[in-house]
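Note: the block below is work26.cif and it holds mmCIF, C-alpha atoms and all ligand atoms.
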```cif
data_work
loop_
_atom_site.label_atom_id
_atom_site.label_comp_id
_atom_site.auth_asym_id
_atom_site.auth_seq_id
_atom_site.Cartn_x
_atom_site.Cartn_y
_atom_site.Cartn_z
CA MET A 1 8.64 -13.52 4.89
CA ASN A 2 8.36 -11.19 7.85
CA TYR A 3 4.93 -10.14 9.13
CA VAL A 4 3.43 -7.25 11.06
CA THR A 5 0.52 -7.75 13.44
CA LEU A 6 -2.29 -5.27 12.88
CA ASN A 7 -4.24 -3.64 15.76
CA ASN A 8 -6.95 -6.34 15.52
CA GLY A 9 -4.47 -9.24 15.65
CA VAL A 10 -4.47 -9.96 11.88
CA LYS A 11 -1.03 -10.80 10.48
CA MET A 12 0.03 -9.00 7.30
CA PRO A 13 3.18 -9.70 5.22
CA ILE A 14 5.54 -6.74 5.56
CA LEU A 15 6.30 -7.00 1.84
CA GLY A 16 3.73 -7.45 -0.90
CA TYR A 17 3.14 -6.80 -4.58
CA GLY A 18 1.31 -3.72 -5.89
CA VAL A 19 -0.57 -3.67 -9.20
CA TYR A 20 -1.18 0.03 -9.84
CA GLN A 21 -0.64 0.73 -13.56
CA VAL A 22 -0.60 -2.97 -14.38
CA THR A 23 -2.99 -3.28 -17.32
CA PRO A 24 -6.09 -5.47 -16.98
CA GLU A 25 -4.61 -7.68 -19.76
CA GLU A 26 -1.29 -8.19 -17.96
CA CYS A 27 -2.52 -8.35 -14.40
CA GLU A 28 -3.28 -12.07 -14.13
CA ARG A 29 0.16 -13.02 -15.53
CA CYS A 30 1.94 -10.52 -13.28
CA VAL A 31 0.18 -11.67 -10.11
CA LEU A 32 0.83 -15.34 -10.98
CA ASP A 33 4.52 -14.48 -11.51
CA ALA A 34 4.60 -12.60 -8.20
CA ILE A 35 2.99 -15.51 -6.32
CA GLU A 36 5.49 -17.90 -7.92
CA ALA A 37 8.29 -15.55 -6.83
CA GLY A 38 7.05 -15.91 -3.25
CA TYR A 39 4.73 -12.93 -2.74
CA ARG A 40 1.62 -13.69 -0.73
CA SER A 41 0.26 -10.15 -0.33
CA ILE A 42 -1.30 -8.39 -3.35
CA ASP A 43 -2.40 -4.74 -3.36
CA THR A 44 -5.06 -3.68 -5.87
CA ALA A 45 -7.88 -1.12 -5.92
CA GLN A 46 -11.24 -0.58 -7.58
CA ALA A 47 -9.68 2.35 -9.43
CA TYR A 48 -6.89 0.21 -10.96
CA GLN A 49 -9.49 -1.68 -13.01
CA ASN A 50 -7.57 -4.91 -12.61
CA GLU A 51 -9.33 -6.60 -9.68
CA GLU A 52 -10.54 -9.28 -12.11
CA GLY A 53 -6.97 -10.09 -13.13
CA VAL A 54 -6.07 -10.46 -9.45
CA GLY A 55 -9.15 -12.66 -8.97
CA ASN A 56 -8.16 -14.91 -11.88
CA ALA A 57 -4.68 -15.32 -10.38
CA ILE A 58 -6.13 -16.09 -6.93
CA GLU A 59 -8.24 -18.80 -8.55
CA LYS A 60 -5.45 -20.30 -10.66
CA CYS A 61 -2.36 -20.01 -8.46
CA GLY A 62 -2.86 -23.21 -6.45
CA ILE A 63 -2.00 -21.49 -3.16
CA PRO A 64 -4.66 -21.92 -0.43
CA ARG A 65 -6.70 -18.73 -0.08
CA GLU A 66 -5.81 -18.40 3.62
CA GLU A 67 -2.12 -18.12 2.71
CA LEU A 68 -2.81 -15.07 0.53
CA PHE A 69 -3.38 -11.53 1.78
CA ILE A 70 -5.53 -9.48 -0.60
CA THR A 71 -5.94 -5.72 -0.31
CA THR A 72 -8.31 -3.56 -2.32
CA LYS A 73 -9.56 0.01 -1.95
CA VAL A 74 -12.90 1.77 -2.29
CA TRP A 75 -12.66 4.55 -4.89
CA ILE A 76 -14.06 8.07 -4.47
CA SER A 77 -16.86 7.47 -6.98
CA ASN A 78 -18.13 4.72 -4.64
CA ALA A 79 -18.06 6.94 -1.53
CA GLY A 80 -21.05 6.90 0.83
CA PHE A 81 -22.70 4.04 2.72
CA GLU A 82 -24.93 2.52 0.03
CA LYS A 83 -22.53 2.91 -2.89
CA ALA A 84 -19.59 1.65 -0.87
CA LYS A 85 -21.59 -1.36 0.32
CA ALA A 86 -22.49 -2.29 -3.28
CA SER A 87 -18.87 -1.73 -4.38
CA ILE A 88 -17.60 -4.13 -1.71
CA GLU A 89 -19.84 -6.87 -3.16
CA GLU A 90 -18.55 -5.99 -6.64
CA SER A 91 -14.92 -6.21 -5.48
CA LEU A 92 -15.58 -9.60 -3.85
CA ARG A 93 -17.09 -10.82 -7.09
CA LYS A 94 -14.24 -9.56 -9.25
CA LEU A 95 -11.62 -10.90 -6.85
CA LYS A 96 -13.39 -14.29 -6.86
CA THR A 97 -13.15 -14.60 -3.12
CA ASP A 98 -15.59 -14.59 -0.20
CA TYR A 99 -13.43 -12.29 1.93
CA ILE A 100 -10.95 -9.44 1.51
CA ASP A 101 -8.00 -9.36 3.90
CA LEU A 102 -7.66 -5.60 3.96
CA LEU A 103 -10.03 -2.97 2.57
CA LEU A 104 -8.93 0.67 2.49
CA ILE A 105 -10.65 3.96 1.73
CA HIS A 106 -8.54 5.07 -1.25
CA GLN A 107 -8.77 8.84 -0.78
CA PRO A 108 -10.03 11.04 2.08
CA PHE A 109 -12.62 12.85 -0.01
CA GLY A 110 -16.38 12.66 -0.50
CA ASP A 111 -18.59 10.91 2.06
CA TYR A 112 -15.80 8.72 3.36
CA TYR A 113 -17.46 8.39 6.76
CA GLY A 114 -20.38 6.69 4.98
CA THR A 115 -17.84 4.47 3.21
CA TYR A 116 -16.21 3.60 6.51
CA ARG A 117 -19.56 2.63 8.10
CA ALA A 118 -20.16 0.23 5.18
CA MET A 119 -16.68 -1.19 5.72
CA GLU A 120 -17.32 -1.60 9.46
CA GLU A 121 -20.53 -3.47 8.66
CA ALA A 122 -18.80 -5.79 6.16
CA TYR A 123 -16.00 -6.33 8.70
CA LYS A 124 -18.52 -7.44 11.33
CA GLU A 125 -20.09 -9.78 8.78
CA GLY A 126 -16.69 -11.40 8.21
CA LYS A 127 -16.38 -10.23 4.61
CA ILE A 128 -13.29 -8.20 5.46
CA LYS A 129 -10.55 -9.18 7.90
CA ALA A 130 -9.18 -5.66 8.47
CA ILE A 131 -10.24 -2.15 7.45
CA GLY A 132 -8.13 0.94 6.98
CA VAL A 133 -7.44 4.08 5.01
CA SER A 134 -5.06 5.48 2.43
CA ASN A 135 -3.74 8.98 1.86
CA PHE A 136 -4.98 10.08 5.28
CA TYR A 137 -2.41 12.58 6.49
CA PRO A 138 -2.26 13.37 10.24
CA ASP A 139 -5.23 15.78 10.35
CA ARG A 140 -7.65 13.39 8.64
CA LEU A 141 -6.21 10.30 10.30
CA ILE A 142 -6.66 11.70 13.79
CA ASP A 143 -10.19 12.79 12.89
CA ILE A 144 -11.26 9.35 11.63
CA CYS A 145 -9.63 7.61 14.61
CA GLN A 146 -11.69 9.85 16.94
CA PHE A 147 -15.08 9.28 15.34
CA THR A 148 -15.20 5.63 14.32
CA GLU A 149 -15.94 2.50 16.30
CA ILE A 150 -13.16 0.46 14.69
CA THR A 151 -9.77 2.15 14.51
CA PRO A 152 -8.25 1.84 11.02
CA ALA A 153 -5.72 -0.99 11.00
CA VAL A 154 -3.56 0.49 8.22
CA ASN A 155 -2.84 3.84 6.56
CA GLN A 156 -1.23 3.56 3.13
CA VAL A 157 0.60 6.76 2.19
CA GLU A 158 3.33 7.82 -0.23
CA THR A 159 6.56 6.80 1.50
CA HIS A 160 10.07 6.51 0.04
CA PRO A 161 13.55 7.89 0.78
CA PHE A 162 12.66 11.37 -0.54
CA ASN A 163 9.38 11.57 1.39
CA GLN A 164 9.73 9.49 4.53
CA GLN A 165 6.64 10.69 6.44
CA ALA A 166 8.41 11.01 9.78
CA GLN A 167 5.64 13.03 11.44
CA ALA A 168 2.85 10.93 9.92
CA HIS A 169 4.64 7.78 11.11
CA GLU A 170 4.70 9.08 14.69
CA ILE A 171 0.98 9.81 14.58
CA MET A 172 0.26 6.36 13.14
CA GLU A 173 2.26 4.75 15.95
CA LYS A 174 0.40 6.83 18.52
CA TYR A 175 -2.99 5.65 17.18
CA LYS A 176 -1.78 2.06 16.56
CA VAL A 177 -2.32 2.33 12.82
CA GLN A 178 0.15 0.34 10.69
CA HIS A 179 2.13 2.52 8.29
CA GLU A 180 2.14 1.14 4.74
CA SER A 181 4.12 2.73 1.92
CA TRP A 182 2.89 3.33 -1.58
CA GLY A 183 5.46 4.20 -4.23
CA PRO A 184 8.51 2.89 -2.31
CA PHE A 185 10.72 3.86 -5.28
CA ALA A 186 8.72 7.03 -6.05
CA GLU A 187 8.19 5.21 -9.36
CA GLY A 188 11.85 6.01 -10.13
CA ARG A 189 11.35 9.79 -9.93
CA LYS A 190 14.21 12.09 -8.97
CA ASP A 191 16.69 9.44 -10.23
CA MET A 192 15.87 7.20 -7.31
CA PHE A 193 17.49 4.09 -8.82
CA THR A 194 20.87 5.82 -9.30
CA ASN A 195 20.91 7.84 -6.10
CA PRO A 196 24.61 7.99 -5.07
CA VAL A 197 24.00 7.64 -1.30
CA ILE A 198 21.82 4.54 -1.69
CA SER A 199 24.06 3.13 -4.48
CA GLU A 200 27.08 3.27 -2.16
CA ILE A 201 25.23 1.39 0.58
CA ALA A 202 23.91 -1.14 -1.96
CA ALA A 203 27.43 -1.86 -3.25
CA LYS A 204 28.58 -2.64 0.30
CA TYR A 205 26.03 -5.46 0.61
CA ASN A 206 26.12 -6.53 -3.05
CA LYS A 207 22.47 -5.54 -3.30
CA SER A 208 20.56 -3.22 -5.63
CA VAL A 209 19.27 0.27 -4.81
CA ALA A 210 15.72 -1.13 -4.90
CA GLN A 211 16.63 -3.79 -2.34
CA VAL A 212 18.26 -1.27 0.01
CA ILE A 213 15.17 0.97 -0.14
CA LEU A 214 12.83 -1.92 0.68
CA ARG A 215 15.12 -3.07 3.48
CA TYR A 216 15.26 0.45 4.89
CA LEU A 217 11.48 0.83 4.94
CA THR A 218 10.81 -2.62 6.37
CA GLN A 219 13.50 -2.16 9.04
CA ASN A 220 11.56 0.97 10.02
CA ASN A 221 8.39 -1.12 10.39
CA VAL A 222 6.79 0.20 7.22
CA VAL A 223 4.89 -2.30 5.05
CA VAL A 224 5.94 -2.13 1.36
CA ILE A 225 4.19 -3.17 -1.87
CA PRO A 226 6.63 -2.53 -4.75
CA LYS A 227 5.29 -2.93 -8.29
CA SER A 228 7.08 -4.44 -11.27
CA THR A 229 5.80 -6.20 -14.35
CA HIS A 230 9.19 -7.97 -14.73
CA LYS A 231 9.58 -11.30 -12.96
CA GLU A 232 13.32 -10.84 -12.35
CA ARG A 233 12.60 -7.54 -10.59
CA MET A 234 9.80 -9.16 -8.57
CA ILE A 235 12.37 -11.71 -7.36
CA GLU A 236 14.91 -8.95 -6.69
CA ASN A 237 12.36 -6.92 -4.71
CA ILE A 238 11.38 -9.78 -2.43
CA SER A 239 14.99 -10.82 -1.72
CA VAL A 240 15.61 -8.30 1.03
CA PHE A 241 15.57 -10.24 4.27
CA ASP A 242 19.12 -11.67 4.11
CA PHE A 243 20.96 -8.50 5.08
CA GLU A 244 20.55 -5.72 7.63
CA LEU A 245 21.31 -2.03 7.39
CA THR A 246 23.38 -0.50 10.18
CA GLU A 247 22.44 2.61 12.14
CA GLU A 248 24.97 4.51 10.03
CA ASP A 249 23.33 3.31 6.76
CA LYS A 250 19.92 4.27 8.09
CA LYS A 251 21.16 7.72 9.09
CA ALA A 252 22.53 8.29 5.58
CA ILE A 253 19.19 7.34 3.98
CA LYS A 254 17.28 9.39 6.52
CA SER A 255 19.24 12.45 5.40
CA LEU A 256 17.71 12.11 1.90
CA ASP A 257 14.25 12.99 3.24
CA GLU A 258 12.87 16.13 1.59
CA ALA A 259 9.57 15.73 3.46
CA GLU A 260 7.70 16.61 0.31
CA SER A 261 5.65 14.60 -2.19
CA ALA A 262 7.36 13.46 -5.40
CA PHE A 263 3.87 13.28 -6.96
CA PHE A 264 1.26 15.77 -5.69
CA SER A 265 0.11 17.20 -2.41
CA HIS A 266 -3.24 16.26 -0.91
CA TYR A 267 -3.39 19.84 0.36
CA ASP A 268 -3.06 21.47 -3.06
CA PRO A 269 -6.48 22.99 -3.95
CA GLN A 270 -6.13 21.96 -7.61
CA THR A 271 -5.42 18.34 -6.65
CA VAL A 272 -8.36 18.35 -4.24
CA GLU A 273 -10.65 19.81 -6.92
CA PHE A 274 -9.49 17.14 -9.36
CA LEU A 275 -9.96 14.25 -6.92
CA THR A 276 -13.30 15.43 -5.54
CA GLY A 277 -14.46 15.96 -9.14
CA LEU A 278 -13.99 12.23 -9.73
CA GLY A 279 -16.54 11.54 -7.00
CA LYS A 280 -19.34 13.56 -8.57
N1 LIG B 301 -3.02 4.27 -2.22
C1 LIG B 301 -2.59 4.98 -3.23
O1 LIG B 301 -3.07 6.11 -3.48
C2 LIG B 301 -1.50 4.44 -4.09
C3 LIG B 301 -0.84 5.28 -5.02
C4 LIG B 301 0.18 4.72 -5.79
C5 LIG B 301 0.54 3.39 -5.61
N2 LIG B 301 -0.13 2.59 -4.72
C6 LIG B 301 0.24 1.16 -4.50
O2 LIG B 301 1.64 1.07 -4.25
C7 LIG B 301 2.23 0.20 -5.21
C8 LIG B 301 3.66 0.61 -5.50
O3 LIG B 301 3.73 1.94 -5.97
P1 LIG B 301 3.93 2.33 -7.50
O4 LIG B 301 3.55 1.19 -8.37
O5 LIG B 301 3.25 3.62 -7.74
O6 LIG B 301 5.47 2.64 -7.65
P2 LIG B 301 6.88 1.97 -7.19
O7 LIG B 301 6.65 0.59 -6.68
O8 LIG B 301 7.58 2.98 -6.37
O9 LIG B 301 7.65 1.92 -8.56
C9 LIG B 301 7.29 1.11 -9.64
C10 LIG B 301 8.25 1.44 -10.79
O10 LIG B 301 9.57 1.00 -10.48
C11 LIG B 301 10.02 0.06 -11.45
N3 LIG B 301 10.76 -0.98 -10.72
C12 LIG B 301 10.25 -1.87 -9.84
N4 LIG B 301 11.21 -2.64 -9.30
C13 LIG B 301 12.38 -2.22 -9.86
C14 LIG B 301 13.72 -2.63 -9.70
N5 LIG B 301 14.05 -3.60 -8.87
N6 LIG B 301 14.67 -2.00 -10.43
C15 LIG B 301 14.33 -0.99 -11.30
N7 LIG B 301 13.07 -0.56 -11.48
C16 LIG B 301 12.09 -1.17 -10.77
C17 LIG B 301 8.79 -0.46 -12.14
O11 LIG B 301 9.06 -0.77 -13.48
P3 LIG B 301 8.59 -2.17 -14.19
O12 LIG B 301 7.17 -2.43 -13.82
O13 LIG B 301 8.78 -1.86 -15.63
O14 LIG B 301 9.54 -3.22 -13.68
C18 LIG B 301 7.85 0.76 -12.06
O15 LIG B 301 8.13 1.65 -13.12
C19 LIG B 301 1.28 0.31 -6.41
O16 LIG B 301 1.45 -0.70 -7.36
C20 LIG B 301 -0.06 0.30 -5.71
O17 LIG B 301 -0.41 -1.02 -5.35
C21 LIG B 301 -1.13 3.11 -3.96
#
```
Can you dump the structure from the file as structure tokens?
Ligand SMILES: NC(=O)c1ccc[n+]([C@@H]2O[C@H](COP(=O)([O-])OP(=O)(O)OC[C@H]3O[C@@H](n4cnc5c(N)ncnc54)[C@H](OP(=O)(O)O)[C@@H]3O)[C@@H](O)[C@H]2O)c1
Amino acid sequence: MNYVTLNNGVKMPILGYGVYQVTPEECERCVLDAIEAGYRSIDTAQAYQNEEGVGNAIEKCGIPREELFITTKVWISNAGFEKAKASIEESLRKLKTDYIDLLLIHQPFGDYYGTYRAMEEAYKEGKIKAIGVSNFYPDRLIDICQFTEITPAVNQVETHPFNQQAQAHEIMEKYKVQHESWGPFAEGRKDMFTNPVISEIAAKYNKSVAQVILRYLTQNNVVVIPKSTHKERMIENISVFDFELTEEDKKAIKSLDEAESAFFSHYDPQTVEFLTGLGK
């Protein structure tokens, strides 16, 4: 496994396993399968309602806790200092651990400054090894970097071949915030898995489209957390460090960038109304 070093010196695997849309019933089995396949980094969130499944797997997997890297995220309904503080305790309980490796603010809405202060406090108490944000596009990221004591270590944003976040990546580098991708395959949207440009590159290396995408992102210093409930795909998705894309390959994949979300825009008033509504 390759690692990135975060701005506070913490080492994070560059490739992990995400559990969004993994049901609470399936989560423990999936995370145990992922750990057996070699994953050490697991990405969950309060909103996924499967932190307990992750916690059960942490308890049962037989891997020392310090070899695992657990991420969770504070949801909008827990925004604000007091609520966020209580939710951190709840996440620790559900995850069956006395520390979280990385805690992110899930969405930049509601009293997220209050949330961040609670995260800073828990960080200083040693309950969290690194704190960061998610879905903070350049305007909000710069703002939070300017007005907080601890610079976010990570920003997790939608990133895949059709939405590569070139400008956001530059800003993250400038502020020493590690870029992490969510949705590396855009959940298969826009026929990602049969894209002709990526398929041609994949054939050259005898790899799959999924593997080429993960290699591309990690070669660009982007942390990835692909999700699959199938063990054979988990194994496929982690087997990406035995080949290297050339500059020409990278240029071809770069040309696929539409610089637009395959899901929804955080600047769309309807989306913002929907998300802020969840916090009320
Ligand atoms: N911070 C945020 O707001 C946010 C938002 C979304 C996601 N995330 C995080 O990012 C993680 C990854 O994103 P995501 O789950 O949305 O989507 P994704 O990883 O881009 O795509 C997952 C989809 O691809 C399929 N798949 C996985 N590996 C495959 C392979 N090798 N070949 C063919 N199909 C494959 C999966 O199907 P099967 O499961 O059936 O194999 C699933 O339908 C999440 O799990 C979550 O941890 C964060």
Could you check which of A:Asn50, A:Gln156, A:Gln167, A:Asn237 is closest to A:Phe185, using all atoms listed in the file?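 For A:Phe185, the nearest of the candidates is A:Asn237.
Here atom CA of A:Phe136 and atom CA of A:Phe241 stand 28.9 Å from one another.
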Which residue is closest to A:Val197? Choose from A:Ala252, A:Ile225, A:Ala168, A:Met12 and count all atoms listed in the file. A:Ala252
Residue contacts of A:Ile171 (10 Å, all atoms listed in the file) excluding same-chain residues fewer than 4 positions away, as a list in words: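 Skipping anything fewer than 4 positions along the chain leaves Tyr137, Pro138, Asp139, Leu141, Ile142, Gln165, Ala166, Gln167, Tyr175, Lys176, Val177 and His179 of chain A.
For A:Arg29, the list of residues within 12 Å, based on only C-alpha atoms and with local chain neighbours fewer than 3 positions off taken out, reads Val19, Val22, Thr23, Pro24, Glu25, Glu26, Leu32, Asp33, Ala34, Ile35, Glu36, Asn50, Glu52, Gly53, Val54, Gly55, Asn56, Ala57, Ile58, Lys60, Cys61, Ser228, Thr229, His230 and Lys231 of chain A.
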Identify, counting all atoms listed in the file, the protein, DNA and RNA residues located within 8 Å of ligand LIG 301 (chain B), and give them as an NGL selection string. :A and (17-22 or 42-45 or 73 or 106-107 or 134-135 or 156-158 or 160 or 181-188 or 193 or 208-211 or 224-230 or 233-234 or 236-237)
Quick check, in Å to one decimal: how far apart do atom CA of A:Gly277 and atom CA of A:Val133 lie? 19.8 Å
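Nearest residue to A:Ala47 among A:Thr72, A:Glu28, A:Glu66, A:Asp98 is A:Thr72, counting all atoms listed in the file.
Atom CA of A:Ile201 to atom CA of A:Glu173 spans 27.8 Å [interatomic distance, one decimal].
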Excluding A:Pro13 and residues on its chain fewer than 6 positions from it, collect all residues at most 7 Å away from it, counting only C-alpha atoms, and give them as a PyMOL selection string. chain A and resi 1-4+41
Let me make sure I understand: among A:Val222, A:Ala203, A:Pro196, A:Val212, which one has the smallest atom-to-atom distance to A:Glu170 if we use all atoms listed in the file? A:Val222
With a distance cut-off of 8 Å and all atoms listed in the file, select the neighbouring residues of A:Thr151, excluding the residue or stretch itself and same-chain residues fewer than 4 positions from it, and output the selection as a CSV table (one decimal) with C-alpha atoms, keeping the file's coordinate frame.
```csv
chain,number,residue,atom,x,y,z
A,132,GLY,CA,-8.1,0.9,7.0
A,144,ILE,CA,-11.3,9.4,11.6
A,145,CYS,CA,-9.6,7.6,14.6
A,177,VAL,CA,-2.3,2.3,12.8
```
Kindly list the centre and edge lengths in Å, rounded to one decimal, for the axis-aligned box that covers all listed atoms of stretch 30-35 of chain A plus 6 Å on each of its six sides, as lines of an AutoDock Vina configuration file.
```
center_x = 2.4
center_y = -13.0
center_z = -9.8
size_x = 16.4
size_y = 17.0
size_z = 19.0
```
Using all atoms listed in the file, which residue out of A:Lys11, A:His169, A:Lys174, A:Lys251 lies closest to A:Ile198?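 Counting all atoms listed in the file, the residue closest to A:Ile198 is A:Lys251.
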When you count only C-alpha atoms, which of these residues is closest to A:Gly110: A:Ile253, A:Ala202, A:Ile131, A:Ala79?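 Smallest distance to A:Gly110 is found for A:Ala79.
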